[in-house]
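Student: Sending over run-v3.tsv (TSV, C-alpha atoms).
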chain	number	residue	atom	x	y	z
A	1	MET	CA	115.72	97.29	102.65
A	2	GLU	CA	113.69	100.48	102.49
A	3	TRP	CA	113.08	101.28	98.84
A	4	ILE	CA	111.06	104.46	99.34
A	5	ALA	CA	114.00	106.90	99.32
A	6	SER	CA	115.53	105.29	96.22
A	7	ALA	CA	112.17	105.16	94.46
A	8	ILE	CA	111.35	108.84	95.08
A	9	GLY	CA	114.92	110.02	94.42
A	10	VAL	CA	115.44	108.16	91.14
A	11	THR	CA	111.94	109.00	89.85
A	12	ALA	CA	112.29	112.71	90.64
A	13	ILE	CA	115.72	112.89	88.97
A	14	VAL	CA	114.48	111.11	85.85
A	15	VAL	CA	111.45	113.43	85.64
A	16	ALA	CA	113.77	116.44	85.86
A	17	ILE	CA	116.01	115.04	83.10
A	18	LEU	CA	113.01	114.35	80.87
A	19	VAL	CA	111.65	117.89	81.38
A	20	VAL	CA	115.02	119.30	80.31
A	21	LEU	CA	114.98	116.96	77.33
A	22	LEU	CA	111.50	118.12	76.37
A	23	LEU	CA	112.72	121.72	76.31
A	24	ARG	CA	116.12	121.01	74.72
A	25	PRO	CA	116.01	117.81	72.62
A	26	GLN	CA	119.02	118.78	70.44
A	27	PRO	CA	121.48	116.31	72.08
A	28	LEU	CA	119.25	113.44	70.96
A	29	LEU	CA	119.36	114.55	67.35
A	30	ALA	CA	123.16	115.02	67.34
A	31	PRO	CA	125.63	112.17	66.61
A	32	GLY	CA	125.50	109.65	69.45
A	33	GLY	CA	121.85	110.50	69.98
A	34	VAL	CA	120.72	106.88	69.75
A	35	ALA	CA	122.89	105.80	72.67
A	36	LEU	CA	121.96	108.89	74.68
A	37	GLY	CA	118.28	108.40	73.85
A	38	THR	CA	118.42	104.75	74.90
A	39	LEU	CA	119.91	105.81	78.23
A	40	LEU	CA	117.55	108.72	78.90
A	41	LEU	CA	114.31	107.35	77.46
A	42	ILE	CA	114.61	103.62	78.15
A	43	VAL	CA	117.18	102.75	80.81
A	44	LEU	CA	116.64	105.56	83.35
A	45	PRO	CA	112.80	105.56	83.26
A	46	GLY	CA	112.93	101.75	83.39
A	47	ALA	CA	115.14	101.95	86.47
A	48	ALA	CA	112.73	104.45	88.07
A	49	PHE	CA	109.78	102.10	87.50
A	50	LEU	CA	111.80	99.17	88.85
A	51	PHE	CA	112.65	101.05	92.06
A	52	GLY	CA	109.01	102.09	92.35
A	53	GLY	CA	107.87	98.52	91.83
A	54	ALA	CA	110.27	97.28	94.50
A	55	HIS	CA	108.90	99.89	96.91
A	56	HIS	CA	105.30	98.94	96.24
A	57	LEU	CA	106.03	95.22	96.50
A	58	GLU	CA	107.78	95.79	99.81
A	59	GLN	CA	104.90	97.94	101.01
A	60	SER	CA	102.31	95.37	99.96
A	61	GLN	CA	103.73	93.03	102.61
A	62	SER	CA	102.76	95.41	105.40
A	63	THR	CA	99.88	94.82	107.78
A	64	GLU	CA	98.59	98.33	107.08
A	65	PHE	CA	98.33	97.51	103.37
A	66	CYS	CA	96.37	94.28	103.91
A	67	LEU	CA	93.99	95.78	106.45
A	68	SER	CA	93.26	98.88	104.39
A	69	CYS	CA	90.55	96.89	102.57
A	70	HIS	CA	87.18	96.94	104.31
A	71	VAL	CA	86.76	93.20	103.89
A	72	MET	CA	89.90	92.57	105.95
A	73	GLU	CA	88.89	94.67	108.95
A	74	ALA	CA	87.41	91.70	110.82
A	75	TYR	CA	90.62	89.75	110.33
A	76	GLY	CA	92.68	92.68	111.54
A	77	ALA	CA	90.56	92.87	114.66
A	78	THR	CA	91.37	89.24	115.50
A	79	LEU	CA	95.07	90.11	115.71
A	80	GLU	CA	94.51	92.11	118.87
A	81	SER	CA	91.83	89.83	120.30
A	82	ASP	CA	92.17	88.63	123.89
A	83	GLU	CA	90.71	85.27	122.97
A	84	ASP	CA	92.77	82.17	122.42
A	85	ILE	CA	93.12	82.59	118.67
A	86	LEU	CA	96.22	81.53	116.79
A	87	ALA	CA	96.65	84.80	114.91
A	88	ALA	CA	96.19	86.82	118.10
A	89	SER	CA	98.67	84.76	120.12
A	90	HIS	CA	101.32	85.16	117.42
A	91	TYR	CA	100.66	88.90	117.18
A	92	ARG	CA	100.49	89.59	120.91
A	93	GLN	CA	103.60	87.57	121.71
A	94	ARG	CA	105.41	89.17	118.78
A	95	THR	CA	106.42	85.83	117.31
A	96	ILE	CA	105.64	87.42	113.95
A	97	PRO	CA	106.71	90.94	112.97
A	98	ARG	CA	103.78	93.24	113.71
A	99	ASP	CA	104.31	95.33	110.61
A	100	GLN	CA	104.11	92.20	108.44
A	101	ALA	CA	101.65	90.20	110.50
A	102	CYS	CA	99.44	89.02	107.60
A	103	TYR	CA	102.29	88.34	105.21
A	104	ALA	CA	104.28	86.32	107.75
A	105	CYS	CA	101.69	83.53	107.61
A	106	HIS	CA	99.97	84.13	104.28
A	107	THR	CA	102.89	83.55	101.96
A	108	ARG	CA	104.51	80.39	100.71
A	109	TYR	CA	107.94	79.63	102.04
A	110	THR	CA	109.13	78.26	98.72
A	111	MET	CA	111.42	79.60	96.01
A	112	TYR	CA	108.64	81.44	94.16
A	113	GLY	CA	106.36	81.81	97.17
A	114	ASP	CA	106.54	85.60	97.17
A	115	LEU	CA	105.56	85.75	93.50
A	116	TYR	CA	102.70	83.33	94.12
A	117	ALA	CA	101.47	85.46	97.02
A	118	LYS	CA	101.63	88.59	94.86
A	119	ALA	CA	99.74	86.88	92.03
A	120	LEU	CA	97.00	85.96	94.48
A	121	GLY	CA	97.10	89.53	95.78
A	122	LEU	CA	96.40	90.85	92.27
A	123	ARG	CA	93.45	88.47	92.10
A	124	HIS	CA	92.21	89.85	95.43
A	125	LEU	CA	92.45	93.37	94.01
A	126	TRP	CA	90.45	92.34	90.98
A	127	VAL	CA	87.72	90.73	93.10
A	128	ASN	CA	87.68	93.62	95.56
A	129	TYR	CA	87.19	96.35	92.98
A	130	LEU	CA	85.68	94.67	89.94
A	131	GLY	CA	84.29	91.35	91.11
A	132	GLU	CA	81.91	90.14	93.77
A	133	ILE	CA	83.26	89.59	97.27
A	134	PRO	CA	81.97	86.28	98.68
A	135	ASP	CA	80.09	86.34	101.99
A	136	THR	CA	82.44	83.79	103.49
A	137	LEU	CA	86.15	84.20	102.79
A	138	GLN	CA	88.11	80.99	102.42
A	139	LEU	CA	91.65	80.09	101.53
A	140	TYR	CA	92.15	78.86	97.98
A	141	GLU	CA	93.53	75.62	99.35
A	142	PRO	CA	93.97	74.15	102.85
A	143	TYR	CA	96.67	75.91	104.86
A	144	SER	CA	99.95	74.05	104.49
A	145	ASN	CA	101.97	73.03	107.56
A	146	ARG	CA	105.05	74.10	105.63
A	147	GLU	CA	104.32	77.73	106.48
A	148	CYS	CA	104.17	76.94	110.21
A	149	MET	CA	107.26	74.74	110.06
A	150	TYR	CA	109.29	77.52	108.48
A	151	CYS	CA	109.54	79.10	111.91
A	152	HIS	CA	108.66	76.31	114.35
A	153	GLU	CA	110.65	73.35	113.06
A	154	GLY	CA	113.77	72.90	115.10
A	155	ALA	CA	112.62	75.25	117.85
A	156	ASP	CA	113.11	73.82	121.36
A	157	SER	CA	109.47	74.31	122.31
A	158	TYR	CA	108.37	72.48	119.17
A	159	GLU	CA	110.80	69.59	119.48
A	160	ALA	CA	110.03	69.14	123.18
A	161	ALA	CA	106.40	68.26	122.50
A	162	ASP	CA	106.11	64.47	122.03
A	163	VAL	CA	102.96	64.84	119.99
A	164	HIS	CA	104.90	66.63	117.25
A	165	GLN	CA	107.29	63.65	116.94
A	166	ARG	CA	104.40	61.20	116.95
A	167	PHE	CA	102.60	62.89	114.08
A	168	ALA	CA	105.70	64.13	112.26
A	169	GLU	CA	105.17	62.12	109.06
A	170	GLU	CA	101.47	62.90	108.82
A	171	MET	CA	102.19	66.56	109.36
A	172	GLU	CA	104.91	66.58	106.75
A	173	ARG	CA	102.45	65.16	104.21
A	174	ASP	CA	99.83	67.73	105.28
A	175	GLU	CA	97.52	64.89	106.27
A	176	ARG	CA	97.24	66.38	109.72
A	177	SER	CA	97.02	70.14	109.95
A	178	CYS	CA	98.70	72.16	112.68
A	179	LEU	CA	95.33	73.95	112.95
A	180	SER	CA	93.64	70.74	114.05
A	181	CYS	CA	95.21	71.29	117.49
A	182	HIS	CA	96.24	74.95	117.41
A	183	GLY	CA	93.25	76.47	115.60
A	184	PRO	CA	91.18	78.39	114.97
A	185	ALA	CA	93.43	80.68	112.97
A	186	HIS	CA	91.18	83.73	113.12
A	187	GLY	CA	87.99	82.35	114.63
A	188	ILE	CA	85.71	84.41	112.41
A	189	TYR	CA	83.91	81.58	110.67
A	190	GLU	CA	84.03	78.63	113.03
A	191	ASP	CA	82.38	76.36	110.45
A	192	VAL	CA	85.09	77.10	107.87
A	193	ASP	CA	87.81	76.44	110.41
A	194	ASP	CA	86.11	73.16	111.29
A	195	GLU	CA	86.00	72.13	107.62
A	196	GLU	CA	89.69	72.88	107.29
A	197	GLU	CA	90.40	70.84	110.38
A	198	GLU	CA	88.49	67.89	108.96
A	199	SER	CA	90.41	68.07	105.69
B	1	MET	CA	111.31	117.70	67.37
B	2	SER	CA	109.61	114.55	66.10
B	3	ARG	CA	106.07	113.80	67.26
B	4	ASP	CA	107.13	110.36	68.57
B	5	LEU	CA	109.83	111.90	70.74
B	6	ARG	CA	107.52	114.60	72.10
B	7	TRP	CA	104.78	112.11	72.95
B	8	SER	CA	107.26	109.62	74.37
B	9	ILE	CA	108.77	112.15	76.77
B	10	GLY	CA	105.34	113.49	77.67
B	11	LEU	CA	103.96	110.04	78.46
B	12	LEU	CA	107.06	109.06	80.44
B	13	ILE	CA	106.88	112.27	82.51
B	14	THR	CA	103.16	111.71	83.12
B	15	GLY	CA	103.71	108.05	84.08
B	16	LEU	CA	106.55	108.90	86.44
B	17	CYS	CA	104.59	111.74	88.07
B	18	VAL	CA	101.62	109.41	88.63
B	19	ALA	CA	104.07	106.86	90.06
B	20	LEU	CA	105.42	109.54	92.42
B	21	LEU	CA	101.88	110.28	93.58
B	22	SER	CA	101.28	106.58	94.18
B	23	PHE	CA	104.20	106.53	96.64
B	24	LEU	CA	102.08	108.64	99.00
B	25	GLY	CA	99.73	105.77	99.74
B	26	ASN	CA	100.08	102.35	101.33
B	27	SER	CA	96.98	100.62	100.04
B	28	PRO	CA	95.77	98.56	97.09
B	29	PRO	CA	94.52	101.67	95.23
B	30	ALA	CA	98.03	103.16	95.44
B	31	PHE	CA	99.46	99.89	94.12
B	32	MET	CA	96.94	99.84	91.26
B	33	THR	CA	97.75	103.47	90.45
B	34	PHE	CA	101.43	102.57	90.18
B	35	ILE	CA	100.68	99.61	87.91
B	36	ALA	CA	98.54	101.85	85.70
B	37	ALA	CA	101.32	104.45	85.59
B	38	GLY	CA	104.05	101.92	84.85
B	39	VAL	CA	102.34	99.49	82.54
B	40	PHE	CA	99.97	101.68	80.56
B	41	ILE	CA	101.34	105.24	80.55
B	42	GLY	CA	105.03	104.33	80.91
B	43	GLY	CA	104.63	101.37	78.54
B	44	ALA	CA	103.18	103.61	75.83
B	45	GLY	CA	106.07	106.04	76.39
B	46	PHE	CA	108.60	103.22	76.00
B	47	VAL	CA	107.00	102.03	72.76
B	48	LEU	CA	107.10	105.51	71.26
B	49	ALA	CA	110.68	106.02	72.47
B	50	LEU	CA	111.72	102.77	70.79
B	51	ARG	CA	110.00	103.83	67.58
B	52	PHE	CA	111.79	107.20	67.67
B	53	LEU	CA	115.16	105.55	68.36
B	54	MET	CA	114.70	103.02	65.55
B	55	LYS	CA	113.83	105.78	63.09
B	56	LEU	CA	116.82	107.78	64.31
B	57	SER	CA	119.23	104.87	63.91
B	58	ARG	CA	117.92	104.13	60.39
B	59	SER	CA	118.37	107.74	59.32
B	60	ARG	CA	122.03	107.77	60.36
B	61	PRO	CA	124.84	106.31	58.26
B	62	GLY	CA	126.73	103.53	60.01
B	63	PRO	CA	130.22	104.07	61.44
B	64	PHE	CA	131.88	102.33	58.48
B	65	PRO	CA	131.85	103.51	54.87
B	66	PRO	CA	129.96	101.28	52.40
B	67	ALA	CA	132.04	98.41	51.01
B	68	ARG	CA	133.52	98.96	47.53
B	69	PRO	CA	132.11	96.73	44.85
In structure tokens, how does this file's structure come out?
Tutor:
Amino acid sequence: MEWIASAIGVTAIVVAILVVLLLRPQPLLAPGGVALGTLLLIVLPGAAFLFGGAHHLEQSQSTEFCLSCHVMEAYGATLESDEDILAASHYRQRTIPRDQACYACHTRYTMYGDLYAKALGLRHLWVNYLGEIPDTLQLYEPYSNRECMYCHEGADSYEAADVHQRFAEEMERDERSCLSCHGPAHGIYEDVDDEEEES
Amino acid sequence: MSRDLRWSIGLLITGLCVALLSFLGNSPPAFMTFIAAGVFIGGAGFVLALRFLMKLSRSRPGPFPPARP
């Protein structure tokens, strides 16, 4: 759902109401003012901030948002690479939505996966603006096969490959990473990808 | 008009206007601007609004007359 129209509309209306209230506060001081004040000063501005938050959360899933940071430019470039890189093949073949290319793989497909991804995103913001960006970017933990399986499990092309059946249990326990055969994911730091493969 | 009410409305208008400005961007700075607007400016406005409303409710007699001794 596109939240932008709701966010702008509700916020603008609430601002207009508050400006009127600033000029003519008499209704708040009349009988029934507490209920009216609760509605105009708490509920409506709260709703405006909620709509705005929903818009920004939705927007933060976009590829444009992720790649707007300088440190992510190299990763963005790998999406359109002609080389045999996992991220590029997904992007070029449109097996992931292009406007949410980063988020499609870098979220957790669990009940609170979105919240977890957003919490990590806030940490990224902190490091980007107030911390020290490391020379070599690494995932916080090895990439889980669960994220790949969210789309691939049950697909004909996946089920048809014998090797997937042979290693099914190991893959389910994350003892064998999908990247060990289908990597590198971005191919920027080959050594990091190799370490992930070994783990 | 009470000072709490005036400041509350002023902060809420400021917070919401900053939030509106943040909608123009699609980047982490825009997101941070929205958080600043919502949490800090809007939050302060909410606190003052609550304080005003609590004072207002205390200054009003309830809907029922006081019980007879």
Student: Near stretch 139-156 of chain A, within 12 Å and counting all atoms listed in the file, which residues show up once chain neighbours fewer than 6 positions away are dropped, as a VMD selection string?
Tutor: chain A and resid 86 to 87 90 95 to 96 103 to 110 113 117 120 to 121 123 to 124 162 164 to 165 168 to 180 182 to 185 192 to 199
Student: Sort by chain and increasing residue number a table of all residues of chain A within 9 Å of chain B, each with its closest pair of atoms and their distance in Å to one decimal, counting only C-alpha atoms, and write it as a tab-separated table.
Tutor:
residue	atom	partner	partner_atom	distance
A:Ile4	CA	B:Phe23	CA	7.7
A:Ala7	CA	B:Leu20	CA	8.3
A:Ile8	CA	B:Leu20	CA	6.5
A:Thr11	CA	B:Leu16	CA	6.4
A:Ala12	CA	B:Leu20	CA	7.8
A:Val14	CA	B:Leu16	CA	8.3
A:Val15	CA	B:Ile13	CA	5.7
A:Ala16	CA	B:Ile13	CA	8.7
A:Leu18	CA	B:Ile9	CA	6.3
A:Val19	CA	B:Ile13	CA	7.5
A:Leu21	CA	B:Ile9	CA	7.9
A:Leu22	CA	B:Ile9	CA	6.6
A:Pro25	CA	B:Met1	CA	7.0
A:Gln26	CA	B:Met1	CA	8.4
A:Leu29	CA	B:Leu56	CA	7.8
A:Pro31	CA	B:Arg60	CA	8.4
A:Gly33	CA	B:Leu56	CA	8.1
A:Val34	CA	B:Leu53	CA	5.9
A:Ala35	CA	B:Leu53	CA	8.9
A:Gly37	CA	B:Leu53	CA	6.9
A:Thr38	CA	B:Leu53	CA	7.4
A:Leu41	CA	B:Ala49	CA	6.3
A:Ile42	CA	B:Phe46	CA	6.4
A:Pro45	CA	B:Leu12	CA	7.3
A:Gly46	CA	B:Gly42	CA	8.7
A:Ala48	CA	B:Leu16	CA	7.8
A:Phe49	CA	B:Gly38	CA	6.3
A:Gly52	CA	B:Ala19	CA	7.2
A:Gly53	CA	B:Phe34	CA	7.8
A:His55	CA	B:Phe23	CA	8.1
A:His56	CA	B:Phe31	CA	6.3
A:Leu57	CA	B:Phe31	CA	8.4
A:Gln59	CA	B:Asn26	CA	6.5
A:Ser60	CA	B:Asn26	CA	7.5
A:Ser62	CA	B:Asn26	CA	8.5
A:Glu64	CA	B:Asn26	CA	7.2
A:Phe65	CA	B:Ser27	CA	4.8
A:Cys66	CA	B:Ser27	CA	7.5
A:Leu67	CA	B:Ser27	CA	8.6
A:Ser68	CA	B:Ser27	CA	6.0
A:Cys69	CA	B:Pro28	CA	7.8
A:Leu125	CA	B:Pro28	CA	6.9
Student: In Å to one decimal, how far is atom CA of A:Tyr112 from atom CA of A:Pro134?
Tutor: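 A separation of 27.5 Å between them.
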Student: Around all the atoms of stretch 41-56 of chain B listed in the file, draw an axis-aligned box and extend it by 3 Å on each of the six sides; I want its centre and edge lengths in Å to one decimal, as lines of an AutoDock Vina configuration file.
Tutor:
center_x = 109.1
center_y = 104.6
center_z = 72.0
size_x = 21.5
size_y = 12.4
size_z = 23.8
Student: In terms of the shortest atom-to-atom distance over only C-alpha atoms, which of A:Leu28, A:Leu79, A:Val163, A:Leu44 is closest to A:Arg98?
Tutor: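 Using only C-alpha atoms, the shortest distance to A:Arg98 belongs to A:Leu79.
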Student: At the level of C-alpha atoms, write stretch 112-173 of chain A to a file as a JSON list (two decimals), in the first residue's frame, please.
Tutor:
[["chain", "number", "residue", "atom", "x", "y", "z"],
["A", 112, "TYR", "CA", 9.35, -10.13, 13.54],
["A", 113, "GLY", "CA", 11.83, -10.16, 10.68],
["A", 114, "ASP", "CA", 10.81, -6.73, 9.42],
["A", 115, "LEU", "CA", 11.29, -5.20, 12.86],
["A", 116, "TYR", "CA", 14.67, -6.90, 13.20],
["A", 117, "ALA", "CA", 15.74, -5.54, 9.82],
["A", 118, "LYS", "CA", 14.62, -2.04, 10.81],
["A", 119, "ALA", "CA", 16.49, -2.26, 14.12],
["A", 120, "LEU", "CA", 19.64, -3.18, 12.22],
["A", 121, "GLY", "CA", 18.91, -0.34, 9.81],
["A", 122, "LEU", "CA", 18.87, 2.13, 12.71],
["A", 123, "ARG", "CA", 22.23, 0.74, 13.79],
["A", 124, "HIS", "CA", 23.52, 1.28, 10.24],
["A", 125, "LEU", "CA", 22.35, 4.89, 10.40],
["A", 126, "TRP", "CA", 24.14, 5.39, 13.69],
["A", 127, "VAL", "CA", 27.40, 3.93, 12.34],
["A", 128, "ASN", "CA", 27.09, 5.82, 9.06],
["A", 129, "TYR", "CA", 26.65, 9.26, 10.60],
["A", 130, "LEU", "CA", 28.11, 9.04, 14.09],
["A", 131, "GLY", "CA", 30.35, 5.97, 14.14],
["A", 132, "GLU", "CA", 33.23, 4.63, 12.14],
["A", 133, "ILE", "CA", 32.47, 2.70, 8.97],
["A", 134, "PRO", "CA", 34.63, -0.46, 8.79],
["A", 135, "ASP", "CA", 36.83, -0.97, 5.73],
["A", 136, "THR", "CA", 35.29, -4.36, 5.06],
["A", 137, "LEU", "CA", 31.54, -4.69, 5.43],
["A", 138, "GLN", "CA", 30.31, -8.00, 6.76],
["A", 139, "LEU", "CA", 26.97, -9.43, 7.75],
["A", 140, "TYR", "CA", 26.33, -9.58, 11.49],
["A", 141, "GLU", "CA", 25.87, -13.32, 11.20],
["A", 142, "PRO", "CA", 26.20, -15.86, 8.37],
["A", 143, "TYR", "CA", 23.44, -15.55, 5.79],
["A", 144, "SER", "CA", 20.64, -17.96, 6.61],
["A", 145, "ASN", "CA", 19.28, -20.35, 3.98],
["A", 146, "ARG", "CA", 15.83, -19.54, 5.31],
["A", 147, "GLU", "CA", 15.83, -16.29, 3.34],
["A", 148, "CYS", "CA", 16.60, -18.14, 0.09],
["A", 149, "MET", "CA", 14.08, -20.87, 0.83],
["A", 150, "TYR", "CA", 11.31, -18.35, 1.32],
["A", 151, "CYS", "CA", 11.13, -18.02, -2.46],
["A", 152, "HIS", "CA", 12.89, -21.12, -3.79],
["A", 153, "GLU", "CA", 11.47, -23.93, -1.67],
["A", 154, "GLY", "CA", 8.80, -25.76, -3.58],
["A", 155, "ALA", "CA", 9.72, -24.17, -6.90],
["A", 156, "ASP", "CA", 9.98, -26.70, -9.76],
["A", 157, "SER", "CA", 13.51, -25.64, -10.67],
["A", 158, "TYR", "CA", 14.61, -26.06, -7.05],
["A", 159, "GLU", "CA", 12.93, -29.42, -6.49],
["A", 160, "ALA", "CA", 14.22, -30.79, -9.79],
["A", 161, "ALA", "CA", 17.85, -30.48, -8.71],
["A", 162, "ASP", "CA", 18.92, -33.73, -7.00],
["A", 163, "VAL", "CA", 21.63, -31.98, -5.07],
["A", 164, "HIS", "CA", 19.03, -29.97, -3.16],
["A", 165, "GLN", "CA", 17.33, -33.20, -1.98],
["A", 166, "ARG", "CA", 20.68, -34.73, -1.06],
["A", 167, "PHE", "CA", 21.70, -31.83, 1.16],
["A", 168, "ALA", "CA", 18.21, -30.91, 2.34],
["A", 169, "GLU", "CA", 18.78, -31.62, 6.04],
["A", 170, "GLU", "CA", 22.15, -29.91, 6.17],
["A", 171, "MET", "CA", 20.71, -26.90, 4.42],
["A", 172, "GLU", "CA", 17.76, -26.74, 6.76],
["A", 173, "ARG", "CA", 20.15, -26.64, 9.72]]
